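Shown here: work-v8.cif, mmCIF, C-alpha atoms.
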data_entry
#
loop_
_atom_site.label_atom_id
_atom_site.label_comp_id
_atom_site.auth_asym_id
_atom_site.auth_seq_id
_atom_site.Cartn_x
_atom_site.Cartn_y
_atom_site.Cartn_z
CA MET E 774 0.00 0.00 0.00
CA THR E 775 1.18 3.46 -0.86
CA THR E 776 0.71 5.93 1.94
CA VAL E 777 -1.15 9.09 0.90
CA SER E 778 0.91 12.09 1.94
CA LYS E 779 -0.46 15.62 1.80
CA HIS E 780 1.17 16.13 -1.60
CA LEU E 781 1.41 13.31 -4.12
CA ASN E 782 2.59 13.73 -7.74
CA GLY E 783 2.74 17.47 -7.04
CA ILE E 784 -1.00 17.43 -6.27
CA ASP E 785 -2.33 18.78 -2.96
CA VAL E 786 -4.41 15.76 -1.97
CA GLU E 787 -6.03 17.60 0.96
CA GLN E 788 -7.18 20.40 -1.33
CA LEU E 789 -8.49 17.83 -3.83
CA LYS E 790 -10.54 16.11 -1.11
CA GLN E 791 -11.85 19.43 0.19
CA THR E 792 -12.84 20.46 -3.34
CA ILE E 793 -14.71 17.20 -3.91
CA GLY E 794 -16.38 17.55 -0.50
CA ALA E 795 -17.43 21.14 -1.17
CA ILE E 796 -18.93 20.24 -4.56
CA GLU E 797 -20.79 17.28 -3.06
CA GLU E 798 -22.45 19.72 -0.66
CA HIS E 799 -22.92 22.53 -3.20
CA PRO E 800 -23.08 21.01 -6.70
CA GLU E 801 -23.29 24.49 -8.31
CA LEU E 802 -19.59 25.00 -7.37
CA SER E 803 -18.67 22.58 -10.18
CA ARG E 804 -19.86 24.96 -12.89
CA PHE E 805 -17.02 26.71 -14.72
CA THR E 806 -16.97 29.17 -17.58
CA PHE E 807 -13.63 29.49 -19.37
CA ARG E 808 -12.92 32.42 -21.65
CA ALA E 809 -10.33 33.42 -24.21
CA LYS E 810 -9.60 36.39 -26.41
CA SER E 811 -7.81 35.93 -29.68
CA ALA E 812 -6.57 38.31 -32.34
CA TRP E 813 -5.17 37.83 -35.83
CA THR E 814 -1.56 39.10 -35.89
CA GLY E 815 -0.88 38.87 -39.65
CA GLY E 816 -0.66 36.06 -42.22
CA THR E 817 -1.61 32.76 -40.61
CA ARG E 818 -0.61 33.99 -37.14
CA SER E 819 -2.83 34.68 -34.14
CA ARG E 820 -2.42 35.23 -30.43
CA THR E 821 -4.85 34.00 -27.78
CA THR E 822 -4.88 35.20 -24.18
CA VAL E 823 -6.65 33.74 -21.17
CA GLN E 824 -6.87 35.29 -17.74
CA GLY E 825 -10.08 35.33 -15.72
CA PHE E 826 -12.70 32.61 -15.60
CA TYR E 827 -15.73 31.78 -13.49
CA GLY E 828 -15.58 28.70 -11.28
CA ALA E 829 -16.14 27.33 -7.79
CA GLY E 830 -18.85 29.93 -7.27
CA GLN E 831 -16.82 33.01 -8.07
CA GLU E 832 -14.81 34.98 -10.59
CA ASP E 833 -11.20 33.77 -10.47
CA ASP E 834 -8.53 36.48 -10.24
CA SER E 835 -5.52 34.30 -9.50
CA ARG E 836 -3.75 35.23 -12.73
CA ALA E 837 -2.03 38.59 -12.35
CA ARG E 838 -1.29 38.64 -16.08
CA PRO E 839 -2.88 36.98 -19.10
CA LEU E 840 -1.41 33.68 -20.26
CA GLU E 841 -0.67 33.55 -23.99
CA MET E 842 -0.93 30.94 -26.72
CA GLU E 843 0.30 31.55 -30.28
CA GLY E 844 -0.82 29.96 -33.51
CA ASP E 845 0.77 29.85 -36.97
CA GLU E 846 1.19 27.42 -39.87
CA PRO E 847 4.27 25.86 -41.47
CA PRO E 848 5.43 27.28 -44.85
CA VAL E 849 3.71 24.49 -46.81
CA LEU E 850 0.44 25.81 -45.30
CA LEU E 851 1.30 29.46 -46.03
CA GLY E 852 2.80 30.32 -42.65
CA THR E 853 6.14 30.99 -41.00
CA ASN E 854 6.43 28.28 -38.30
CA ALA E 855 6.18 30.91 -35.55
CA ALA E 856 4.01 28.55 -33.49
CA PRO E 857 2.10 25.25 -33.68
CA ASN E 858 -1.01 25.24 -35.84
CA ALA E 859 -4.61 24.88 -34.66
CA VAL E 860 -4.87 21.12 -35.14
CA GLU E 861 -1.55 20.58 -33.38
CA ALA E 862 -2.98 22.65 -30.51
CA ILE E 863 -5.84 20.12 -30.43
CA LEU E 864 -3.32 17.29 -29.89
CA HIS E 865 -1.71 19.31 -27.09
CA ALA E 866 -5.08 19.96 -25.44
CA LEU E 867 -5.85 16.24 -25.49
CA ALA E 868 -2.48 15.23 -24.01
CA SER E 869 -2.62 17.99 -21.39
CA CYS E 870 -6.11 16.91 -20.34
CA LEU E 871 -5.26 13.20 -20.12
CA SER E 872 -2.12 14.10 -18.18
CA VAL E 873 -3.99 16.17 -15.56
CA GLY E 874 -6.71 13.53 -15.33
CA PHE E 875 -4.23 10.73 -14.83
CA VAL E 876 -2.07 12.46 -12.24
CA VAL E 877 -4.95 13.92 -10.20
CA ASN E 878 -6.85 10.63 -10.11
CA ALA E 879 -3.66 8.74 -9.30
CA ALA E 880 -3.07 11.13 -6.37
CA ALA E 881 -6.66 10.59 -5.18
CA ARG E 882 -6.02 6.81 -5.16
CA GLY E 883 -2.62 7.07 -3.49
CA ILE E 884 -0.68 6.02 -6.61
CA GLU E 885 2.70 7.66 -7.05
CA VAL E 886 3.45 8.52 -10.70
CA GLU E 887 7.08 8.52 -11.77
CA SER E 888 6.63 9.42 -15.45
CA LEU E 889 3.88 9.80 -18.00
CA ASP E 890 4.28 10.64 -21.66
CA PHE E 891 2.27 10.62 -24.86
CA ASP E 892 2.68 10.23 -28.61
CA LEU E 893 -0.24 11.61 -30.58
CA GLU E 894 -1.05 11.50 -34.25
CA GLY E 895 -4.01 12.76 -36.26
CA GLU E 896 -4.93 12.26 -39.93
CA LEU E 897 -6.39 15.16 -41.83
CA ASP E 898 -7.43 15.72 -45.47
CA LEU E 899 -7.16 19.37 -46.51
CA GLN E 900 -9.45 19.03 -49.55
CA SER E 901 -12.42 20.44 -47.68
CA PHE E 902 -10.45 23.32 -46.11
CA LEU E 903 -9.13 24.26 -49.57
CA GLY E 904 -12.62 24.11 -51.08
CA LEU E 905 -11.80 21.16 -53.36
CA SER E 906 -14.21 18.58 -51.96
CA HIS E 907 -17.26 18.43 -49.74
CA ASP E 908 -16.89 14.65 -49.26
CA ALA E 909 -13.83 14.70 -47.00
CA ARG E 910 -14.49 16.06 -43.50
CA PRO E 911 -12.52 19.23 -42.71
CA GLY E 912 -11.06 17.95 -39.43
CA TYR E 913 -9.25 14.88 -38.14
CA ALA E 914 -10.55 11.59 -39.54
CA GLY E 915 -9.09 9.99 -36.43
CA ILE E 916 -6.64 10.58 -33.59
CA ASP E 917 -4.28 7.98 -32.24
CA VAL E 918 -2.82 8.31 -28.74
CA ARG E 919 -0.16 6.02 -27.30
CA TYR E 920 1.02 6.57 -23.77
CA ARG E 921 3.51 5.22 -21.33
CA VAL E 922 3.20 5.32 -17.57
CA LYS E 923 5.62 4.49 -14.80
CA ALA E 924 3.75 4.36 -11.52
CA ASP E 925 3.81 2.59 -8.20
CA ALA E 926 0.82 0.30 -8.86
CA PRO E 927 0.02 -3.06 -10.46
CA ARG E 928 -0.51 -3.01 -14.24
CA GLU E 929 -4.23 -3.78 -13.99
CA GLN E 930 -4.79 -0.83 -11.65
CA ILE E 931 -2.97 1.45 -14.14
CA GLU E 932 -5.15 0.11 -16.96
CA GLU E 933 -8.32 0.70 -14.97
CA LEU E 934 -7.14 4.25 -14.15
CA CYS E 935 -6.37 4.96 -17.82
CA SER E 936 -9.81 3.80 -18.81
CA TYR E 937 -11.41 5.93 -16.07
CA VAL E 938 -9.41 8.99 -17.16
CA GLN E 939 -10.53 8.58 -20.78
CA ARG E 940 -14.20 8.39 -19.75
CA THR E 941 -13.98 11.55 -17.61
CA SER E 942 -11.58 13.72 -19.66
CA PRO E 943 -13.17 17.00 -20.79
CA VAL E 944 -11.08 17.17 -24.00
CA MET E 945 -11.63 13.48 -24.84
CA ASP E 946 -15.35 14.22 -24.51
CA VAL E 947 -15.38 17.32 -26.74
CA LEU E 948 -13.47 15.43 -29.46
CA THR E 949 -15.41 12.16 -29.39
CA ASN E 950 -18.87 13.73 -28.90
CA PRO E 951 -20.52 16.73 -30.58
CA VAL E 952 -20.32 20.12 -28.84
CA PRO E 953 -22.78 22.86 -29.82
CA VAL E 954 -20.66 25.79 -31.02
CA ARG E 955 -22.40 29.07 -31.69
CA VAL E 956 -20.46 31.55 -33.81
CA ARG E 957 -21.68 35.11 -34.18
CA LEU E 958 -20.18 37.86 -36.31
CA GLU E 959 -20.27 41.26 -34.66
CA GLY E 960 -19.33 44.78 -35.75
CA MET S 674 -12.80 45.84 -56.41
CA THR S 675 -9.65 45.07 -54.47
CA THR S 676 -6.71 44.15 -56.69
CA VAL S 677 -5.08 40.86 -55.72
CA SER S 678 -1.39 41.49 -55.20
CA LYS S 679 1.07 38.62 -54.80
CA HIS S 680 0.74 38.92 -51.04
CA LEU S 681 -2.56 39.82 -49.40
CA ASN S 682 -3.15 39.74 -45.63
CA GLY S 683 0.36 38.34 -45.27
CA ILE S 684 -0.68 35.33 -47.41
CA ASP S 685 1.25 34.39 -50.54
CA VAL S 686 -1.68 34.23 -52.95
CA GLU S 687 0.40 32.70 -55.74
CA GLN S 688 1.54 29.89 -53.45
CA LEU S 689 -2.06 29.34 -52.35
CA LYS S 690 -3.24 29.03 -55.98
CA GLN S 691 -0.35 26.70 -56.82
CA THR S 692 -1.17 24.52 -53.79
CA ILE S 693 -4.82 24.28 -54.79
CA GLY S 694 -3.83 23.52 -58.40
CA ALA S 695 -1.37 20.82 -57.34
CA ILE S 696 -3.95 19.13 -55.09
CA GLU S 697 -6.57 19.24 -57.85
CA GLU S 698 -4.17 17.28 -60.03
CA HIS S 699 -2.88 14.99 -57.26
CA PRO S 700 -5.57 14.70 -54.57
CA GLU S 701 -3.29 12.55 -52.38
CA LEU S 702 -1.19 15.68 -51.67
CA SER S 703 -4.00 16.92 -49.40
CA ARG S 704 -3.42 14.14 -46.87
CA PHE S 705 -1.63 15.34 -43.74
CA THR S 706 -0.59 13.55 -40.56
CA PHE S 707 0.16 15.83 -37.61
CA ARG S 708 2.06 14.54 -34.59
CA ALA S 709 2.83 15.67 -31.08
CA LYS S 710 4.79 14.41 -28.12
CA SER S 711 3.78 15.36 -24.62
CA ALA S 712 5.24 14.69 -21.21
CA TRP S 713 3.99 15.25 -17.68
CA THR S 714 6.31 17.74 -15.95
CA GLY S 715 4.91 17.54 -12.38
CA GLY S 716 1.62 18.39 -10.71
CA THR S 717 -0.94 19.48 -13.29
CA ARG S 718 1.80 20.60 -15.70
CA SER S 719 2.74 19.11 -19.05
CA ARG S 720 4.78 20.11 -22.07
CA THR S 721 3.89 19.23 -25.66
CA THR S 722 6.28 19.52 -28.58
CA VAL S 723 5.56 19.39 -32.30
CA GLN S 724 8.12 19.33 -35.07
CA GLY S 725 7.78 17.07 -38.10
CA PHE S 726 4.58 16.10 -39.89
CA TYR S 727 3.61 14.40 -43.10
CA GLY S 728 1.87 16.47 -45.75
CA ALA S 729 1.84 17.47 -49.40
CA GLY S 730 3.32 14.09 -50.29
CA GLN S 731 6.37 14.23 -48.07
CA GLU S 732 7.79 14.42 -44.57
CA ASP S 733 8.05 18.11 -43.57
CA ASP S 734 11.40 19.16 -42.12
CA SER S 735 10.88 22.94 -42.14
CA ARG S 736 11.06 23.24 -38.36
CA ALA S 737 14.69 23.23 -37.25
CA ARG S 738 13.59 22.98 -33.63
CA PRO S 739 10.45 21.65 -31.92
CA LEU S 740 7.67 24.14 -31.13
CA GLU S 741 6.41 23.94 -27.55
CA MET S 742 3.04 24.24 -25.83
CA GLU S 743 2.65 24.15 -22.07
CA GLY S 744 -0.34 23.15 -19.98
CA ASP S 745 -1.20 23.72 -16.31
CA GLU S 746 -4.23 24.49 -14.14
CA PRO S 747 -5.10 27.45 -11.93
CA PRO S 748 -4.76 26.99 -8.14
CA VAL S 749 -8.51 26.32 -7.72
CA LEU S 750 -7.94 23.30 -10.00
CA LEU S 751 -4.80 22.17 -8.12
CA GLY S 752 -2.25 23.88 -10.38
CA THR S 753 0.14 26.82 -10.38
CA ASN S 754 -1.06 28.95 -13.35
CA ALA S 755 2.16 28.21 -15.25
CA ALA S 756 0.17 27.93 -18.50
CA PRO S 757 -3.39 27.78 -19.86
CA ASN S 758 -5.32 24.60 -19.12
CA ALA S 759 -6.45 21.98 -21.62
CA VAL S 760 -9.95 23.36 -22.20
CA GLU S 761 -8.56 26.87 -22.64
CA ALA S 762 -6.19 25.39 -25.25
CA ILE S 763 -9.32 24.13 -27.03
CA LEU S 764 -10.66 27.70 -27.23
CA HIS S 765 -7.29 28.84 -28.62
CA ALA S 766 -7.30 26.05 -31.22
CA LEU S 767 -10.77 27.09 -32.37
CA ALA S 768 -9.90 30.80 -32.65
CA SER S 769 -6.58 30.06 -34.37
CA CYS S 770 -8.32 27.80 -36.91
CA LEU S 771 -11.11 30.29 -37.68
CA SER S 772 -8.50 33.04 -37.99
CA VAL S 773 -6.39 31.12 -40.55
CA GLY S 774 -9.50 30.05 -42.44
CA PHE S 775 -10.84 33.58 -42.62
CA VAL S 776 -7.60 35.25 -43.68
CA VAL S 777 -6.58 32.61 -46.25
CA ASN S 778 -10.03 32.53 -47.86
CA ALA S 779 -10.23 36.32 -47.82
CA ALA S 780 -6.87 36.44 -49.63
CA ALA S 781 -8.11 33.92 -52.20
CA ARG S 782 -11.11 36.19 -52.87
CA GLY S 783 -9.07 39.38 -53.02
CA ILE S 784 -10.48 40.76 -49.75
CA GLU S 785 -8.05 42.80 -47.66
CA VAL S 786 -8.45 42.16 -43.91
CA GLU S 787 -7.60 45.01 -41.55
CA SER S 788 -8.38 43.32 -38.23
CA LEU S 789 -9.99 40.17 -36.90
CA ASP S 790 -10.54 39.26 -33.29
CA PHE S 791 -12.47 36.76 -31.20
CA ASP S 792 -14.10 36.39 -27.79
CA LEU S 793 -14.69 32.79 -26.81
CA GLU S 794 -16.47 31.25 -23.88
CA GLY S 795 -17.22 27.66 -22.89
CA GLU S 796 -19.37 26.21 -20.11
CA LEU S 797 -18.11 23.17 -18.25
CA ASP S 798 -19.39 21.17 -15.29
CA LEU S 799 -16.58 19.46 -13.36
CA GLN S 800 -18.83 16.90 -11.60
CA SER S 801 -17.94 14.19 -14.07
CA PHE S 802 -14.20 14.93 -14.02
CA LEU S 803 -14.26 14.79 -10.20
CA GLY S 804 -16.18 11.51 -10.23
CA LEU S 805 -19.29 13.01 -8.60
CA SER S 806 -21.81 12.46 -11.37
CA HIS S 807 -22.17 10.49 -14.58
CA ASP S 808 -25.07 12.66 -15.76
CA ALA S 809 -23.09 15.80 -16.61
CA ARG S 810 -20.85 15.41 -19.65
CA PRO S 811 -17.12 15.86 -18.83
CA GLY S 812 -16.48 18.48 -21.51
CA TYR S 813 -17.96 21.75 -22.71
CA ALA S 814 -21.77 21.82 -22.76
CA GLY S 815 -21.43 24.55 -25.35
CA ILE S 816 -18.98 27.05 -26.80
CA ASP S 817 -19.85 30.59 -27.76
CA VAL S 818 -17.72 32.55 -30.23
CA ARG S 819 -18.20 36.20 -31.06
CA TYR S 820 -15.97 37.81 -33.61
CA ARG S 821 -15.31 41.15 -35.19
CA VAL S 822 -13.90 41.75 -38.64
CA LYS S 823 -12.72 44.88 -40.39
CA ALA S 824 -12.22 44.15 -44.07
CA ASP S 825 -12.46 45.82 -47.42
CA ALA S 826 -15.69 44.10 -48.54
CA PRO S 827 -19.47 44.57 -48.24
CA ARG S 828 -21.07 43.18 -45.09
CA GLU S 829 -22.93 40.42 -46.90
CA GLN S 830 -19.69 39.17 -48.48
CA ILE S 831 -18.09 39.08 -45.02
CA GLU S 832 -21.06 37.14 -43.65
CA GLU S 833 -20.90 34.64 -46.49
CA LEU S 834 -17.15 34.24 -45.91
CA CYS S 835 -17.66 33.68 -42.16
CA SER S 836 -20.24 31.03 -42.87
CA TYR S 837 -17.95 29.34 -45.42
CA VAL S 838 -15.04 29.38 -42.95
CA GLN S 839 -17.16 27.74 -40.24
CA ARG S 840 -18.21 24.93 -42.60
CA THR S 841 -14.62 24.19 -43.66
CA SER S 842 -12.71 24.77 -40.38
CA PRO S 843 -10.89 21.62 -39.18
CA VAL S 844 -11.24 22.55 -35.48
CA MET S 845 -14.90 23.59 -35.83
CA ASP S 846 -15.46 20.14 -37.36
CA VAL S 847 -13.67 18.16 -34.63
CA LEU S 848 -15.65 19.99 -31.94
CA THR S 849 -19.12 19.84 -33.54
CA ASN S 850 -18.79 16.29 -34.92
CA PRO S 851 -17.44 13.10 -33.32
CA VAL S 852 -13.81 12.12 -33.97
CA PRO S 853 -12.70 8.53 -33.38
CA VAL S 854 -9.92 8.71 -30.77
CA ARG S 855 -7.96 5.54 -30.08
CA VAL S 856 -5.99 5.55 -26.82
CA ARG S 857 -3.50 2.79 -26.12
CA LEU S 858 -1.43 2.30 -23.00
CA GLU S 859 2.07 1.03 -23.67
CA GLY S 860 5.00 -0.10 -21.53
#

So, in terms of structure tokens, how does the structure I just supplied come out?
Amino acid sequence: MTTVSKHLNGIDVEQLKQTIGAIEEHPELSRFTFRAKSAWTGGTRSRTTVQGFYGAGQEDDSRARPLEMEGDEPPVLLGTNAAPNAVEAILHALASCLSVGFVVNAAARGIEVESLDFDLEGELDLQSFLGLSHDARPGYAGIDVRYRVKADAPREQIEELCSYVQRTSPVMDVLTNPVPVRVRLEG
Amino acid sequence: MTTVSKHLNGIDVEQLKQTIGAIEEHPELSRFTFRAKSAWTGGTRSRTTVQGFYGAGQEDDSRARPLEMEGDEPPVLLGTNAAPNAVEAILHALASCLSVGFVVNAAARGIEVESLDFDLEGELDLQSFLGLSHDARPGYAGIDVRYRVKADAPREQIEELCSYVQRTSPVMDVLTNPVPVRVRLEG
């Protein structure tokens, strides 16, 4: 048996338990609204900033400054390689989400994680984006994720945890199931 | 009428036309495979790198060094605010994709874009992620995008362009329609 210390895998296990307890008592605390602003910065480049969000019953002001993400395309897609492109950012979002899910749930179960890493790959046909075909879907036809875990637990417990993390991952959900997206043009 | 110069909106219009022409002749050139590697870096933090990809009939080696994306969570979600979180990265990916789509298609139509910016918002209930409910979906219940464009074209042409960009955006597609995601645990 692994002993649960206050911090495990860099996660404050006490805070995690308190959060879960608080939401059990007040389910409305689990509602979050995340926000981003993004601006075109020339060519295929754009810059997105995130700062405040609503969650745990209040407006969050923990970020003194906005956090930035940049987007661009490689030269073959008319860009300058200043940053990853949008569909590469999707692969990052998926890995980041599975990583947080794995490590937090491992901490909750008292499993110490030594390392965790991912290889991701997605297949895309640009015919639709370039206006050449309406048969091919514009986005990824499929995404393949392989990951490796070193953790202080039997293999079958790791497998069960991986499967749990996939079922409860926000990004896994928004990729594998439809999300209503409303786009409005202003001004 | 706007005159199409070789570069418009920072986009090489000649290259764009050549790319479209080449893919019309050899449709297999439109097939791309994007890849990412990601590693847990402690707590809720992870680092994703992208470098090579397959596209336009060959392995792309235009990036001399990997491009990085970082993920973390805010303190209320057990992190340290070192970087945007995974669902904020999703909002960035969507804005970045719509931005590229708008500017490239505007260039193809001879429309000069002066500015383009986005406000994005997504609603999320963490009950499922925290294991408290299987009723709420883990990911965004919905995403709202508002955007503003200044461009040298009549309003109705801008509206038609926006609508076209939404229909052909890879990230819009992967969010609004299901993507098969295969996750395999190795080693």

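The environment of Ile784 of chain E within 8 Å, counting all atoms listed in the file and disregarding residues fewer than 4 places along the same chain, consists of His780, Leu789, Val876, Val877 and Ala880 of chain E; Gly716, Thr717, Leu751 and Gly752 of chain S.
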
Could you take the residues named above and write them with C-alpha atoms, as a PDB file, in the coordinates of the input?
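And here is the file that came out, out.pdb:
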ATOM      1  CA  HIS E 780       1.170  16.130  -1.600  1.00  0.00           C
ATOM      2  CA  LEU E 789      -8.490  17.830  -3.830  1.00  0.00           C
ATOM      3  CA  VAL E 876      -2.070  12.460 -12.240  1.00  0.00           C
ATOM      4  CA  VAL E 877      -4.950  13.920 -10.200  1.00  0.00           C
ATOM      5  CA  ALA E 880      -3.070  11.130  -6.370  1.00  0.00           C
TER       6      ALA E 880
ATOM      7  CA  GLY S 716       1.620  18.390 -10.710  1.00  0.00           C
ATOM      8  CA  THR S 717      -0.940  19.480 -13.290  1.00  0.00           C
ATOM      9  CA  LEU S 751      -4.800  22.170  -8.120  1.00  0.00           C
ATOM     10  CA  GLY S 752      -2.250  23.880 -10.380  1.00  0.00           C
TER      11      GLY S 752
END

Practice task
Evaluate the PyMOL selection byres ((chain E and resi 927-937) around 12) on the structure here and hand back the selected residues as a count of residues only.
Solution key: 46

Exercise for the section: Write out as a PyMOL selection string the residues lying within 12 Å of Thr822 of chain E, counting only C-alpha atoms and excluding same-chain residues fewer than 3 positions away. Expected result: (chain E and resi 807-813+819+825-826+836+838-844) or (chain S and resi 756-758+761-762+764-766+768-769+790-793)

Exercise for the section: Rounded to one decimal place, report the atom CA of Ala837 of chain E-atom CA of Leu750 of chain S distance in Å. Expected result: 16.6 Å

Problem - Shortest interatomic distance to chain E - which of S:Thr753, S:Ser703, S:Gln724, S:Thr692, counting all atoms listed in the file - result: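 Of the candidates, the smallest distance to chain E is held by S:Ser703.
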
Problem - Interatomic distance (Å, one decimal) between atom CA of Ser835 of chain E and atom CA of Glu794 of chain S - result: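 Result for atom CA of Ser835 of chain E versus atom CA of Glu794 of chain S: 18.3 Å, one decimal.
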
Practice task
Do a neighbour search on Val854 of chain S at 9 Å with all atoms listed in the file, toss out local chain neighbours closer than 3 positions, and write the hits as a list in words.
Solution key: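 Here the qualifying residues turn out to be Gly915, Ile916, Asp917, Val918, Met945, Leu948 and Thr949 of chain E.
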